[in-house]
Amino acid sequence: MTRGLMGGLVLAIGLAQACGAALAQTGDVARGKYLVTIGICESCHTPRDAKGQRLADARFGGGNIVGGLMAPNLTPDPETGLGKYSEADFVGALRGTRPDGSKVRPPMGIFFYRGFSDHDAYSIAAYLKSLPPVNHKAERTPPKGPAPAWEPIEHVAEPDHANHLAYGKYLAQTVTHCFQCHTPRSANGLPDLARAGLGGNTYGAPGGGTVVSANITPGNPDGIVGWTDAQLKTALTTGVRPNGSQIVPVMDFDLYEQMTSGDLDDLVAFVRTLKPLKTEESAK
């Protein structure tokens, strides 16, 4: 190979790498909207009225207390929201570190969000930056205890959409919060993925009372193991069990119902592969 040809090849490779990096950091607003929707971000980050209904004119304006912490305003309002964040700043926060170096704490699902691919993370940022600004001050809750030790993440590859089980895992674990609620927590307060799907976490129910997240593994004989795929999809998107009873609306069925049929197929296929765990193991 001549020196000129070799130099051209090196230049071409360098340009390809640079273009690839640029593409990874170019957000797709439509993709971001979809991910934010099925990722139920509105559930925590949109204020609610006295009946617990999300306020349509204040979407993503923050102000809800979740897990003892105030959910922040995610809109691009420069005074009370993230208007001063660049898309790169937002991606950094999504992965655990704010622009000022402080760490984002649970219950924000950083543990899972760190798995978002570069393109998906920047797409979420692009969509949130496109929202109408909402001037709604949500004071950050003073931190307690040691900060999480989130390390910076430079790159996360795009998931293989053609590998239906792998992409189903990406949807269940990174995007849709399945394991945020349906997995017991370790002593550090983070989900224990060795017991993924076991459930056992307690949440306040709309209208009062509490509800315990279900064991969604095949080890629960009274759970979804006895449901068909179609029945499980109906439960996820409407909140109605096969016997016609209504699941307590802690889950945001109106957001999950906007998932594409293909993504629902992949999600359900992956959930079927979870390690069987008996419900009493949640007490260990």
# chains A, B, ... in the order shown; residues from 1 in each chain; ligands from 1

$ closest_atom_pairs --of "region 156-196 of chain A" --to "region 96-112 of chain A" --cutoff "8 Å" --atoms "only C-alpha atoms" --output "JSON lines"
{"residue": "A:Gln173", "atom": "CA", "partner": "A:Phe112", "partner_atom": "CA", "distance": 6.3}
{"residue": "A:Thr174", "atom": "CA", "partner": "A:Phe112", "partner_atom": "CA", "distance": 4.8}
{"residue": "A:Val175", "atom": "CA", "partner": "A:Phe112", "partner_atom": "CA", "distance": 7.8}
{"residue": "A:His177", "atom": "CA", "partner": "A:Gly109", "partner_atom": "CA", "distance": 8.0}
{"residue": "A:Gln180", "atom": "CA", "partner": "A:Gly109", "partner_atom": "CA", "distance": 6.9}
{"residue": "A:Gly189", "atom": "CA", "partner": "A:Pro106", "partner_atom": "CA", "distance": 7.7}
{"residue": "A:Leu190", "atom": "CA", "partner": "A:Phe111", "partner_atom": "CA", "distance": 7.2}
{"residue": "A:Pro191", "atom": "CA", "partner": "A:Phe111", "partner_atom": "CA", "distance": 7.9}

$ select_by_dssp --residues "region 20-167 of chain A" --states "alpha helix (DSSP H)" --output "NGL selection string"
:A and (20-24 or 29-38 or 41-45 or 87-94 or 110-113 or 118-129 or 164-167)

$ write_last_selection --atoms "N, CA and C atoms" --output "CSV table (one decimal), in the first residue's frame"
chain,number,residue,atom,x,y,z
A,20,GLY,N,-19.8,9.3,13.0
A,20,GLY,CA,-20.5,8.4,13.9
A,20,GLY,C,-20.8,9.0,15.2
A,21,ALA,N,-19.8,9.8,15.8
A,21,ALA,CA,-19.9,10.4,17.1
A,21,ALA,C,-21.0,11.5,16.9
A,22,ALA,N,-20.9,12.3,15.8
A,22,ALA,CA,-21.9,13.3,15.6
A,22,ALA,C,-23.3,12.8,15.6
A,23,LEU,N,-23.5,11.7,14.8
A,23,LEU,CA,-24.8,11.1,14.7
A,23,LEU,C,-25.3,10.6,16.1
A,24,ALA,N,-24.4,10.1,16.9
A,24,ALA,CA,-24.8,9.6,18.2
A,24,ALA,C,-25.4,10.7,19.1
A,29,VAL,N,-36.4,14.0,17.8
A,29,VAL,CA,-37.4,14.5,18.7
A,29,VAL,C,-38.6,13.5,18.8
A,30,ALA,N,-38.9,12.9,17.6
A,30,ALA,CA,-40.0,11.9,17.6
A,30,ALA,C,-39.7,10.7,18.4
A,31,ARG,N,-38.5,10.2,18.3
A,31,ARG,CA,-38.0,9.1,19.1
A,31,ARG,C,-38.0,9.4,20.6
A,32,GLY,N,-37.6,10.6,20.9
A,32,GLY,CA,-37.5,11.1,22.3
A,32,GLY,C,-38.9,11.2,22.9
A,33,LYS,N,-39.9,11.7,22.1
A,33,LYS,CA,-41.2,11.7,22.6
A,33,LYS,C,-41.8,10.4,22.9
A,34,TYR,N,-41.5,9.4,22.0
A,34,TYR,CA,-42.0,8.0,22.3
A,34,TYR,C,-41.4,7.4,23.5
A,35,LEU,N,-40.0,7.6,23.7
A,35,LEU,CA,-39.4,7.0,24.8
A,35,LEU,C,-39.8,7.7,26.1
A,36,VAL,N,-40.0,9.0,26.1
A,36,VAL,CA,-40.5,9.7,27.3
A,36,VAL,C,-41.9,9.3,27.7
A,37,THR,N,-42.7,9.0,26.6
A,37,THR,CA,-44.1,8.5,26.9
A,37,THR,C,-44.1,7.2,27.5
A,38,ILE,N,-43.5,6.2,26.8
A,38,ILE,CA,-43.6,4.8,27.4
A,38,ILE,C,-42.7,4.6,28.6
A,41,CYS,N,-42.3,9.2,32.1
A,41,CYS,CA,-41.7,10.4,32.8
A,41,CYS,C,-42.7,11.3,33.3
A,42,GLU,N,-43.9,11.5,32.7
A,42,GLU,CA,-44.9,12.3,33.1
A,42,GLU,C,-45.5,11.9,34.5
A,43,SER,N,-45.4,10.7,34.8
A,43,SER,CA,-46.0,10.2,36.0
A,43,SER,C,-45.4,10.9,37.3
A,44,CYS,N,-44.1,11.1,37.2
A,44,CYS,CA,-43.4,11.8,38.4
A,44,CYS,C,-43.3,13.3,38.1
A,45,HIS,N,-43.0,13.7,36.8
A,45,HIS,CA,-42.6,15.1,36.6
A,45,HIS,C,-43.7,16.0,36.1
A,87,GLU,N,-28.2,19.9,25.6
A,87,GLU,CA,-28.6,18.5,25.5
A,87,GLU,C,-27.5,17.6,26.1
A,88,ALA,N,-26.3,17.9,26.0
A,88,ALA,CA,-25.2,17.1,26.6
A,88,ALA,C,-25.3,17.2,28.1
A,89,ASP,N,-25.7,18.4,28.7
A,89,ASP,CA,-25.9,18.5,30.1
A,89,ASP,C,-27.0,17.6,30.6
A,90,PHE,N,-28.1,17.6,29.8
A,90,PHE,CA,-29.2,16.7,30.2
A,90,PHE,C,-28.9,15.2,30.1
A,91,VAL,N,-28.1,14.8,29.1
A,91,VAL,CA,-27.7,13.4,29.0
A,91,VAL,C,-26.8,13.1,30.2
A,92,GLY,N,-26.0,14.0,30.6
A,92,GLY,CA,-25.1,13.7,31.8
A,92,GLY,C,-26.0,13.5,33.0
A,93,ALA,N,-27.0,14.3,33.2
A,93,ALA,CA,-27.9,14.2,34.4
A,93,ALA,C,-28.7,12.9,34.3
A,94,LEU,N,-29.1,12.6,33.1
A,94,LEU,CA,-29.9,11.3,32.9
A,94,LEU,C,-29.0,10.1,33.3
A,110,ILE,N,-31.7,6.3,37.8
A,110,ILE,CA,-30.4,6.4,37.1
A,110,ILE,C,-29.8,5.0,36.9
A,111,PHE,N,-30.0,4.2,37.9
A,111,PHE,CA,-29.5,2.8,37.8
A,111,PHE,C,-29.9,2.2,36.5
A,112,PHE,N,-31.1,2.5,36.0
A,112,PHE,CA,-31.5,1.9,34.7
A,112,PHE,C,-31.2,2.9,33.5
A,113,TYR,N,-31.3,4.2,33.7
A,113,TYR,CA,-31.2,5.1,32.6
A,113,TYR,C,-29.8,5.2,32.1
A,118,ASP,N,-26.6,6.2,23.4
A,118,ASP,CA,-26.4,7.6,23.1
A,118,ASP,C,-27.5,8.3,22.3
A,119,HIS,N,-27.9,7.6,21.2
A,119,HIS,CA,-28.9,8.2,20.4
A,119,HIS,C,-30.2,8.4,21.1
A,120,ASP,N,-30.6,7.4,21.9
A,120,ASP,CA,-31.9,7.5,22.7
A,120,ASP,C,-31.8,8.6,23.8
A,121,ALA,N,-30.6,8.6,24.4
A,121,ALA,CA,-30.5,9.6,25.5
A,121,ALA,C,-30.6,11.0,24.9
A,122,TYR,N,-29.9,11.3,23.8
A,122,TYR,CA,-30.0,12.6,23.1
A,122,TYR,C,-31.3,12.9,22.5
A,123,SER,N,-32.0,11.8,22.1
A,123,SER,CA,-33.4,12.0,21.6
A,123,SER,C,-34.3,12.5,22.7
A,124,ILE,N,-34.2,11.9,23.9
A,124,ILE,CA,-35.0,12.3,25.1
A,124,ILE,C,-34.7,13.8,25.4
A,125,ALA,N,-33.4,14.1,25.4
A,125,ALA,CA,-33.0,15.5,25.6
A,125,ALA,C,-33.6,16.4,24.6
A,126,ALA,N,-33.6,16.1,23.3
A,126,ALA,CA,-34.1,16.9,22.2
A,126,ALA,C,-35.6,17.1,22.4
A,127,TYR,N,-36.3,16.1,22.8
A,127,TYR,CA,-37.7,16.2,22.9
A,127,TYR,C,-38.1,17.1,24.1
A,128,LEU,N,-37.4,16.9,25.2
A,128,LEU,CA,-37.7,17.8,26.4
A,128,LEU,C,-37.3,19.2,26.1
A,129,LYS,N,-36.3,19.5,25.3
A,129,LYS,CA,-35.9,20.8,24.9
A,129,LYS,C,-36.9,21.5,24.0
A,164,HIS,N,-34.9,-9.7,19.4
A,164,HIS,CA,-36.1,-9.3,20.1
A,164,HIS,C,-36.0,-9.5,21.6
A,165,LEU,N,-35.3,-10.5,22.1
A,165,LEU,CA,-35.2,-10.7,23.5
A,165,LEU,C,-34.3,-9.6,24.1
A,166,ALA,N,-33.2,-9.3,23.4
A,166,ALA,CA,-32.3,-8.3,23.9
A,166,ALA,C,-32.9,-6.9,23.9
A,167,TYR,N,-33.7,-6.7,22.8
A,167,TYR,CA,-34.4,-5.4,22.8
A,167,TYR,C,-35.5,-5.3,23.8

$ atom_distance --atom1 "CA of Glu139 (chain A)" --atom2 "CA of Gly61 (chain A)"
11.7 Å

$ select_by_dssp --residues "region 33-246 of chain A" --states "strand (DSSP E)" --output "list in words"
Ile65, Val66, Leu69, Met70, Thr202, Tyr203, Gly204, Thr210, Val211 and Val212 of chain A

$ write_last_selection --atoms "N, CA and C atoms" --output "compact mmCIF listing (two decimals), in the first residue's frame"
# COMPACT_ATOMS: atom_id res chain seq x y z
N ILE A 65 -43.88 15.00 45.02
CA ILE A 65 -42.96 14.35 45.94
C ILE A 65 -42.97 12.85 45.62
N VAL A 66 -41.82 12.32 45.25
CA VAL A 66 -41.69 10.91 44.87
C VAL A 66 -40.55 10.31 45.68
N LEU A 69 -38.49 12.78 47.64
CA LEU A 69 -37.77 13.83 46.93
C LEU A 69 -38.70 14.57 45.97
N MET A 70 -38.40 15.83 45.72
CA MET A 70 -39.19 16.64 44.80
C MET A 70 -38.78 16.38 43.36
N THR A 202 -43.90 -1.36 48.20
CA THR A 202 -45.18 -0.77 48.58
C THR A 202 -45.29 0.66 48.04
N TYR A 203 -46.46 0.98 47.49
CA TYR A 203 -46.71 2.30 46.91
C TYR A 203 -48.07 2.81 47.37
N GLY A 204 -48.17 4.13 47.47
CA GLY A 204 -49.45 4.73 47.78
C GLY A 204 -50.40 4.60 46.61
N THR A 210 -52.56 1.55 50.22
CA THR A 210 -51.30 1.16 49.60
C THR A 210 -51.50 -0.05 48.70
N VAL A 211 -50.54 -0.26 47.83
CA VAL A 211 -50.55 -1.41 46.95
C VAL A 211 -49.13 -1.96 46.89
N VAL A 212 -49.00 -3.28 46.78
CA VAL A 212 -47.70 -3.93 46.72
C VAL A 212 -47.46 -4.41 45.30
